[in-house]
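Worksheet for the structure shown next.
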Amino acid sequence: MADDKKPVKLPRTAKGKKPIYFDSTTDKLLSMVLTLMGELSVMRDRLDTVERLAEKKGVFKLDDIENYELSEDVNKIRGERRAAYIARVLKSVQDELDALQQQGDGMNVDLPQ
Amino acid sequence: MIPQNMHSMFARPNHDEASRQNFVNDFRVHLASKVFPGTFPAYFSRVLPAFIKTQGREPKDRHEVRKVMTKDPYYQLWSAMQRSSQEMIWDSVIDSVERQLPDLLKKAKDLKGKGSLTINPDVKVPKYHDAADIHLQPGAYHTDTTEDDLAAGAVYDRGTYIYSMGGLGKENDGLGRITREFFRRQFPDKKIERVLDMGCTIGGSVTYWSTKEPGTEFHAIDVGAPCLRYGHARAKAVGGNVHFSQQNAEKTNFPDASFDLITSHILLHETSVQAIDSIFKECYRLLKPGGVMLHLDLPQVFGQNPLEGFLWEWEIYNNNEHFYGQLRELDTASVAAKAGFDPAKFKIHQVASTWEDGQTPYSNENFTFPVYLAVK
Ligand SMILES: C[S@@+](CC[C@H](N)C(=O)[O-])C[C@H]1O[C@@H](n2cnc3c(N)ncnc32)[C@H](O)[C@@H]1O
């Protein structure tokens, strides 16, 4: 029995050659996007559970969420967090832009400000 | 997703695991109903006209369609997403099984019930199962990860339900329902004392039969040990009565004339043509005179136009169903005749699926399975 041993790890990758659909990078990007799509859906379900439980236990009502009023402070905090989040997700684009900028020093590269 | 009935051996998903599995199911339903249908207009509005323009004729077969369709961007995107969704099925299920494996192993030992289990470590995994993991289940049917392992079976029980988008029914026994209904329509009064199911995996089909024909002795064989162990435990959990044993269907250790009926459910397309030859011969040997051989499997090419033929073969090239290609064109009547069956008593039936309301397998409402039926 497995009880007193290390937990068993099941195989996670199927044996066999994986077809290429677009090219290996694009294929990986697509599966990342689909996985993220799934994880976001999982997160939404979990949040939904939290909201429903909170209502059931009398913590607050679902309507309270819909009617929540954004104070100036909270609005600012969220705005900053959102900007950092966008930068994090689009980091690969930023990296490329940085590289271009270095190469382009003195070469009159047109970059958006 | 329509909830699957969870028996006591089932690897119950926790909150997030269940969400993930639901997502994969719903994503596949979307792909099948909203994305896949676009492959037809993509073909007829641009791929076919372009082919005619360069060749001066239509593609003559599915292979020619493949050459051009696999370059079409719409088809490529559907195909790539379909492949990803297949990988996501297993990924979403393995978590629940891995997490609860020690518990499942213990439950399997403690469960009381009917039937038996005989594991034979000398049985080799056939080449056609070892080359690649069929339909991308990591480790396939046969990989043992621990002593008395049954993980592959537990993964299969949930994974195939999501694969079929619930089309196999809440008890995941849809194929057994189809064969039994068909058999009883063909042979309403036939007495069946002993029945053998070949390539039973977790016994989804044969266990269903055993609950419906309580006077009959059911045997079920497979090469995959973890699936058989899970199958035995699952049968106990749902009140079935089946004797499971690890054997290769090409050559079993049952005596001649042992059975009144031998069935298989989607076994043949996962074996080679040589294996099918041997399996039909073995069926002939094992059947009593007047006994019935009944193999249900996936559609062959006959009667499909080149585009349909090509689309049906997606699984061959993208889902590690490499051996399905051999069955697609096989002359099963000749194989049966070679095995000893009287050609007059062999027939291929097209059997409609008896899916529950509102559930269709794949996106095709007129779906039928070929059933290869012979009487000795
Ligand atoms: C698609 S599954 C069958 C599903 C199952 N019959 C059901 O109704 O749920 C195919 C099974 O055939 C088994 N198999 C393949 N070749 C075999 C052979 N030569 N002898 C016995 N089992 C075999 C595989 O291990 C696998 O479990």
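By order of appearance in the structure tokens: chains A, B, ..., then residues from 1 within every chain, and ligands from 1 in the order shown.
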Shell of 6 Å around ligand 1 (only C-alpha atoms and all ligand atoms), written as a list in words:
Tyr141, Leu175, Met198, Gly199, Cys200, Thr201, Gly203, Gly204, Ser205, Ile221, Asp222, Val223, Gly224, Gln247, Asn248, Ala249, Glu250, Ser264, His265, Ile266, Leu267, Glu270 and Thr271 of chain B
Output as a list in words the set of chain B residues within 6 Å of chain A, with distances taken over only C-alpha atoms.
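Within 6 Å of chain A on chain B, we get Asp16, Ser19, Arg20, Ala80, Pro102, Ala132, Asp133, Leu136, Gln137, Pro138 and Gly139 of chain B.
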Export of the given selection (C-alpha atoms) as a PDB file, in the first residue's frame:
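Contents of the output file selection.pdb:
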```
ATOM      1  CA  ASP B  16     -11.737  23.305  -8.217  1.00  0.00           C
ATOM      2  CA  SER B  19     -14.832  23.153 -12.001  1.00  0.00           C
ATOM      3  CA  ARG B  20     -11.899  22.303 -14.203  1.00  0.00           C
ATOM      4  CA  ALA B  80      -5.258  22.340 -32.478  1.00  0.00           C
ATOM      5  CA  PRO B 102      -4.254   5.685  -1.197  1.00  0.00           C
ATOM      6  CA  ALA B 132       1.939   5.461 -28.039  1.00  0.00           C
ATOM      7  CA  ASP B 133      -0.610   6.220 -25.341  1.00  0.00           C
ATOM      8  CA  LEU B 136      -3.539  10.555 -24.998  1.00  0.00           C
ATOM      9  CA  GLN B 137      -4.299   9.111 -21.574  1.00  0.00           C
ATOM     10  CA  PRO B 138      -0.859   9.423 -19.946  1.00  0.00           C
ATOM     11  CA  GLY B 139       0.339   5.912 -19.128  1.00  0.00           C
TER      12      GLY B 139
END
```
From the DSSP assignment of the backbone, select every residue of range 292-349 of chain B that is helix (DSSP H, G or I), and format the answer as number ranges by chain.
B: 306-312, 314-318, 324-328, 332-339, 343-345
Spatial neighbours of Asp61 in chain B, 9 Å, only C-alpha atoms, chain gap at least 5 places, as a PyMOL selection string
chain B and resi 66+305-307+309-310
Would you output that residue set with N, CA and C atoms, as a PDB file, in the first residue's frame?
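Result saved to again_39.pdb:
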```pdb
ATOM      1  N   ARG B  66      -7.090  15.364 -47.002  1.00  0.00           N
ATOM      2  CA  ARG B  66      -6.193  15.634 -45.869  1.00  0.00           C
ATOM      3  C   ARG B  66      -5.079  16.599 -46.282  1.00  0.00           C
ATOM      4  N   ASN B 305     -18.228  10.139 -47.740  1.00  0.00           N
ATOM      5  CA  ASN B 305     -17.611  10.902 -48.825  1.00  0.00           C
ATOM      6  C   ASN B 305     -16.206  11.337 -48.388  1.00  0.00           C
ATOM      7  N   PRO B 306     -15.373  11.813 -49.339  1.00  0.00           N
ATOM      8  CA  PRO B 306     -13.977  12.099 -48.984  1.00  0.00           C
ATOM      9  C   PRO B 306     -13.816  13.060 -47.803  1.00  0.00           C
ATOM     10  N   LEU B 307     -14.670  14.080 -47.706  1.00  0.00           N
ATOM     11  CA  LEU B 307     -14.541  15.019 -46.585  1.00  0.00           C
ATOM     12  C   LEU B 307     -14.895  14.338 -45.260  1.00  0.00           C
ATOM     13  N   GLY B 309     -14.851  11.196 -44.639  1.00  0.00           N
ATOM     14  CA  GLY B 309     -13.820  10.189 -44.390  1.00  0.00           C
ATOM     15  C   GLY B 309     -12.610  10.821 -43.721  1.00  0.00           C
ATOM     16  N   PHE B 310     -12.222  11.969 -44.240  1.00  0.00           N
ATOM     17  CA  PHE B 310     -11.076  12.688 -43.668  1.00  0.00           C
ATOM     18  C   PHE B 310     -11.374  13.120 -42.234  1.00  0.00           C
TER      19      PHE B 310
END
```
What's around His219 in chain B at 6 Å? Count only C-alpha atoms, leave out sequence neighbours fewer than 4 positions away in its own chain, and write the answer as a list in words.
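Counting only C-alpha atoms, the residues come to Leu196, Val242, His243 and Phe244 of chain B.
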What's the 8 Å shell around Arg83 in chain B, counting only C-alpha atoms, without same-chain residues fewer than 3 positions away, as a list in words?
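What passes the distance filter is Ser79, Ala80, Gln86, Glu87, Asn318 and Asn319 of chain B.
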Test item: residues at most 9 Å from Asp148 in chain B, only C-alpha atoms, excluding those fewer than 3 positions along its chain, as a PDB file with N, CA and C atoms, in the first residue's frame:
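Saved as part_2.pdb:
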```pdb
ATOM      1  N   MET A   1       0.827  -1.211   0.000  1.00  0.00           N
ATOM      2  CA  MET A   1       0.000   0.000   0.000  1.00  0.00           C
ATOM      3  C   MET A   1       0.862   1.262   0.000  1.00  0.00           C
TER       4      MET A   1
ATOM      5  N   LEU B 105      -7.261   2.785  -3.106  1.00  0.00           N
ATOM      6  CA  LEU B 105      -6.653   1.458  -3.005  1.00  0.00           C
ATOM      7  C   LEU B 105      -7.228   0.706  -1.809  1.00  0.00           C
ATOM      8  N   ASP B 144       1.333   0.627 -14.321  1.00  0.00           N
ATOM      9  CA  ASP B 144       1.191   0.506 -12.870  1.00  0.00           C
ATOM     10  C   ASP B 144       2.107   1.527 -12.209  1.00  0.00           C
ATOM     11  N   THR B 145       1.555   2.355 -11.316  1.00  0.00           N
ATOM     12  CA  THR B 145       2.398   3.344 -10.647  1.00  0.00           C
ATOM     13  C   THR B 145       2.662   2.977  -9.190  1.00  0.00           C
ATOM     14  N   ALA B 225      -3.741  -4.223 -16.372  1.00  0.00           N
ATOM     15  CA  ALA B 225      -4.001  -4.617 -14.983  1.00  0.00           C
ATOM     16  C   ALA B 225      -4.678  -3.518 -14.146  1.00  0.00           C
ATOM     17  N   PRO B 226      -4.191  -2.267 -14.173  1.00  0.00           N
ATOM     18  CA  PRO B 226      -4.832  -1.261 -13.301  1.00  0.00           C
ATOM     19  C   PRO B 226      -6.303  -1.026 -13.659  1.00  0.00           C
ATOM     20  N   ARG B 229      -8.274  -4.024 -12.123  1.00  0.00           N
ATOM     21  CA  ARG B 229      -8.432  -3.904 -10.656  1.00  0.00           C
ATOM     22  C   ARG B 229      -9.527  -2.897 -10.329  1.00  0.00           C
TER      23      ARG B 229
END
```
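If you count only C-alpha atoms and ignore residues fewer than 2 places along the chain from Phe218 in chain B, what sits within 9 Å of it is Gly115, Glu193, Arg194, Val195, Leu196, Asp197, Val206, Thr207, Trp209, Ser210, Thr216, Ala220, Asn241, Val242, His243 and Phe244 of chain B.
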Would you return as a PyMOL selection string the members of range 187-361 of chain B that DSSP assigns to strand (DSSP E or B) on this structure's backbone?
chain B and resi 194-198+217-222+242-246+248+251+259-265+287-296+346-352
Select, from B:Val335, B:Ala344, B:Leu31, B:Val68, the residue with the minimum atom-to-atom distance to Gln82 in chain B, counting only C-alpha atoms.
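That would be B:Leu31, the residue with the smallest distance to Gln82 in chain B.
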Which residue gives the smallest distance to Val50 in chain A among B:Gly113, B:Gln21, B:His15, B:Ile192, with only C-alpha atoms counted?
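The closest residue to Val50 in chain A is B:His15.
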Which residue, B:Gln4, B:Ile279, B:Ala11, B:Asn320, has the smallest gap to Lys170 in chain B when you use only C-alpha atoms?
B:Gln4
